[in-house]
Amino acid sequence: SAVISQKPSRDICQRGTSLTIQCQVDSQVTMMFWYRQQPGQSLTLIATANQGSEATYESGFVIDKFPISRPNLTFSTLTVSNMSPEDSSIYLCSVTPGWGTGKTEAFFGQGTRLTVV
Amino acid sequence: DAKTTQPTSMDCAEGRAANLPCNHSTISGNEYVYWYRQIHSQGPQYIIHGLKNNETNEMASLIITEDRKSSTLILPHATLRDTAVYYCIVRVRRGGTDKLIFGTGTRLQVFP
């Protein structure tokens with residue numbers, strides 16, 4: 001299993017500013033995933049972060065808006081840049097520690113609830 | 001570009017079985033079906049997954065049709081604590097990496 005800690009759990013930010021969200025895992029993982037959940041909606045994958053390489057972004061998401069760092073095998077950050085009210089969402093981190101070894105569960109953090117005013 | 005479709009909402013009486021359907025008609029032969037649920041303001045919680053065969057664990061059963069174009073999640077004895085949004089998800093491979101692509105989810109309301 002994997003335990004994920006996200007910080008902050010929530011924040012209220014002014015438009016035009018940036019927020020960096022941290023994701024800490026209690027074990028080493030190859031891939032880390034960042035999702036966005038807009039109010040009342042499902043989860044949408046933003047990007048995949050592999051340690052030692054550039055993050056891979058899904059269609060509709062760009063690095064300038066959502067820069068990601070992955071400095072080691074237990075930690076990642078997602079920055080939401082130049083925020084607007086449309087960025088108000090829950091941002092979630094996910095890991096899949098066993099996908100290369102036959103284990104199949106993906107684990108999610110509790111999310112960061114962002115409100116942009 | 002979710003690969004699954006689910007009813008928006010369902011109700012179920014406490015103690016009865018909750019049967020949640022999911023269509024995934026474009027699923028590929030090696031793509032798994034996963035089910036997660038999300039209770040208000042929490043991170044998604046794993047329930048079960050399957051490829052071809054029916055699966056059962058302590059939480060639920062997963063019935064996958066022979067053509068793999070649809071599946072049903074069964075909560076055998078729903079309780080009030082099972083009230084949540086249930087997501088039917090396909091694990092796809094893109095760019096050499098497996099990823100979970102969420103559907104829109106079914107909001108299950110269990111009533112007394």
# chains A, B, ... in the order shown; residues from 1 in each chain; ligands from 1
>>> select_by_dssp(residues="chain B", states="strand (DSSP E)", output="PyMOL selection string")
chain B and resi 9-13+18-23+32-38+45-50+55-56+61-64+70-75+84-94+97-102+106-111
>>> interface_residues(of="chain B", to="chain A", cutoff="9 Å", atoms="only C-alpha atoms", output="MDAnalysis selection string")
chainID B and resid 34 41:46 48:49 87 95 97:105
>>> residues_around(residues="stretch 70-86 of chain A", least_positions_apart="2", cutoff="7 Å", atoms="only C-alpha atoms", output="list in words")
Arg15, Gly16, Thr17, Ser18, Leu19, Thr20, Ile21, Gln22, Cys23, Gln24, Val25, Asp26, Ser27, Gln28, Val29, Thr30, Ala49, Asn50, Gln51, Lys65, Phe66, Pro67, Ile68, Ser88, Val116 and Val117 of chain A
>>> write_last_selection(atoms="C-alpha atoms", output="mmCIF file, in the first residue's frame")
data_model
loop_
_atom_site.group_PDB
_atom_site.id
_atom_site.type_symbol
_atom_site.label_atom_id
_atom_site.label_comp_id
_atom_site.auth_asym_id
_atom_site.auth_seq_id
_atom_site.Cartn_x
_atom_site.Cartn_y
_atom_site.Cartn_z
ATOM 1 C CA ARG A 15 -6.342 35.640 -8.959
ATOM 2 C CA GLY A 16 -3.081 36.158 -10.774
ATOM 3 C CA THR A 17 -1.029 34.418 -8.091
ATOM 4 C CA SER A 18 0.418 30.901 -8.084
ATOM 5 C CA LEU A 19 0.079 28.018 -5.656
ATOM 6 C CA THR A 20 2.396 25.051 -5.273
ATOM 7 C CA ILE A 21 0.860 21.810 -4.029
ATOM 8 C CA GLN A 22 3.058 19.171 -2.466
ATOM 9 C CA CYS A 23 2.599 15.411 -2.623
ATOM 10 C CA GLN A 24 4.624 13.182 -0.308
ATOM 11 C CA VAL A 25 4.470 9.371 -0.478
ATOM 12 C CA ASP A 26 5.624 7.006 2.253
ATOM 13 C CA SER A 27 7.373 4.706 -0.222
ATOM 14 C CA GLN A 28 9.362 5.054 -3.419
ATOM 15 C CA VAL A 29 7.253 5.081 -6.561
ATOM 16 C CA THR A 30 8.148 5.399 -10.198
ATOM 17 C CA ALA A 49 5.391 12.684 -13.418
ATOM 18 C CA ASN A 50 8.277 10.265 -13.721
ATOM 19 C CA GLN A 51 11.337 10.898 -11.591
ATOM 20 C CA LYS A 65 0.101 26.644 -16.498
ATOM 21 C CA PHE A 66 0.791 23.518 -14.423
ATOM 22 C CA PRO A 67 4.538 23.092 -13.947
ATOM 23 C CA ILE A 68 5.434 19.889 -12.137
ATOM 24 C CA SER A 88 -10.954 26.541 -8.427
ATOM 25 C CA VAL A 116 -9.476 31.372 -6.406
ATOM 26 C CA VAL A 117 -11.098 34.721 -5.674
#
>>> atom_distance(atom1="atom CA of A:Ala2", atom2="atom CA of B:Ile47")
15.6 Å
>>> closest_residue(among="A:Met32, A:Pro39, A:Leu114, A:Asp87", to="A:Ala55", atoms="only C-alpha atoms")
A:Met32
>>> residues_around(residues="stretch 10-23 of chain B", least_positions_apart="3", cutoff="6 Å", atoms="only C-alpha atoms", output="PyMOL selection string")
chain B and resi 4-6+70-79+108-112
>>> write_last_selection(atoms="N, CA, C and O atoms", output="tab-separated table (two decimals), in the first residue's frame")
chain	number	residue	atom	x	y	z
B	4	THR	N	-15.88	5.19	-20.49
B	4	THR	CA	-16.99	4.56	-19.77
B	4	THR	C	-18.18	5.51	-19.70
B	4	THR	O	-18.01	6.73	-19.69
B	5	THR	N	-19.37	4.94	-19.66
B	5	THR	CA	-20.59	5.70	-19.43
B	5	THR	C	-21.37	5.04	-18.30
B	5	THR	O	-21.47	3.80	-18.25
B	6	GLN	N	-21.89	5.88	-17.41
B	6	GLN	CA	-22.62	5.39	-16.25
B	6	GLN	C	-23.86	6.25	-16.05
B	6	GLN	O	-23.88	7.42	-16.45
B	70	SER	N	-19.46	-4.21	-21.18
B	70	SER	CA	-20.13	-3.61	-20.02
B	70	SER	C	-19.81	-4.41	-18.77
B	70	SER	O	-19.33	-5.56	-18.86
B	71	SER	N	-20.08	-3.80	-17.64
B	71	SER	CA	-19.86	-4.47	-16.37
B	71	SER	C	-20.84	-3.92	-15.34
B	71	SER	O	-21.48	-2.88	-15.56
B	72	THR	N	-20.96	-4.65	-14.24
B	72	THR	CA	-21.83	-4.24	-13.14
B	72	THR	C	-21.10	-4.41	-11.83
B	72	THR	O	-20.52	-5.48	-11.57
B	73	LEU	N	-21.10	-3.38	-11.05
B	73	LEU	CA	-20.58	-3.45	-9.69
B	73	LEU	C	-21.74	-3.77	-8.76
B	73	LEU	O	-22.78	-3.12	-8.81
B	74	ILE	N	-21.55	-4.76	-7.91
B	74	ILE	CA	-22.60	-5.16	-6.98
B	74	ILE	C	-22.12	-4.97	-5.55
B	74	ILE	O	-21.10	-5.56	-5.15
B	75	LEU	N	-22.84	-4.14	-4.81
B	75	LEU	CA	-22.65	-4.05	-3.36
B	75	LEU	C	-23.74	-4.92	-2.75
B	75	LEU	O	-24.92	-4.56	-2.80
B	76	PRO	N	-23.41	-6.05	-2.16
B	76	PRO	CA	-24.43	-7.05	-1.83
B	76	PRO	C	-25.43	-6.61	-0.77
B	76	PRO	O	-26.60	-6.97	-0.84
B	77	HIS	N	-25.00	-5.83	0.19
B	77	HIS	CA	-25.89	-5.38	1.26
B	77	HIS	C	-25.56	-3.91	1.55
B	77	HIS	O	-24.74	-3.61	2.41
B	78	ALA	N	-26.17	-3.03	0.81
B	78	ALA	CA	-25.81	-1.61	0.92
B	78	ALA	C	-26.13	-1.07	2.31
B	78	ALA	O	-27.17	-1.40	2.91
B	79	THR	N	-25.24	-0.22	2.80
B	79	THR	CA	-25.47	0.48	4.06
B	79	THR	C	-25.45	1.99	3.77
B	79	THR	O	-25.05	2.43	2.69
B	108	LEU	N	-24.60	7.28	-5.89
B	108	LEU	CA	-25.47	6.30	-5.23
B	108	LEU	C	-25.95	6.87	-3.90
B	108	LEU	O	-25.14	7.25	-3.06
B	109	GLN	N	-27.26	6.89	-3.75
B	109	GLN	CA	-27.86	7.32	-2.49
B	109	GLN	C	-28.50	6.09	-1.85
B	109	GLN	O	-29.43	5.51	-2.43
B	110	VAL	N	-28.03	5.71	-0.69
B	110	VAL	CA	-28.62	4.61	0.06
B	110	VAL	C	-29.56	5.22	1.10
B	110	VAL	O	-29.14	6.09	1.89
B	111	PHE	N	-30.81	4.77	1.11
B	111	PHE	CA	-31.77	5.36	2.03
B	111	PHE	C	-32.26	4.30	3.02
B	111	PHE	O	-32.27	3.10	2.73
B	112	PRO	N	-32.66	4.77	4.21
B	112	PRO	CA	-33.08	3.84	5.29
B	112	PRO	C	-34.32	3.04	4.91
B	112	PRO	O	-35.18	3.53	4.17
>>> atom_distance(atom1="atom CA of B:Ser25", atom2="atom CA of B:Tyr86")
18.7 Å
>>> atom_distance(atom1="atom CA of B:Tyr32", atom2="atom CA of A:Ser53")
26.8 Å
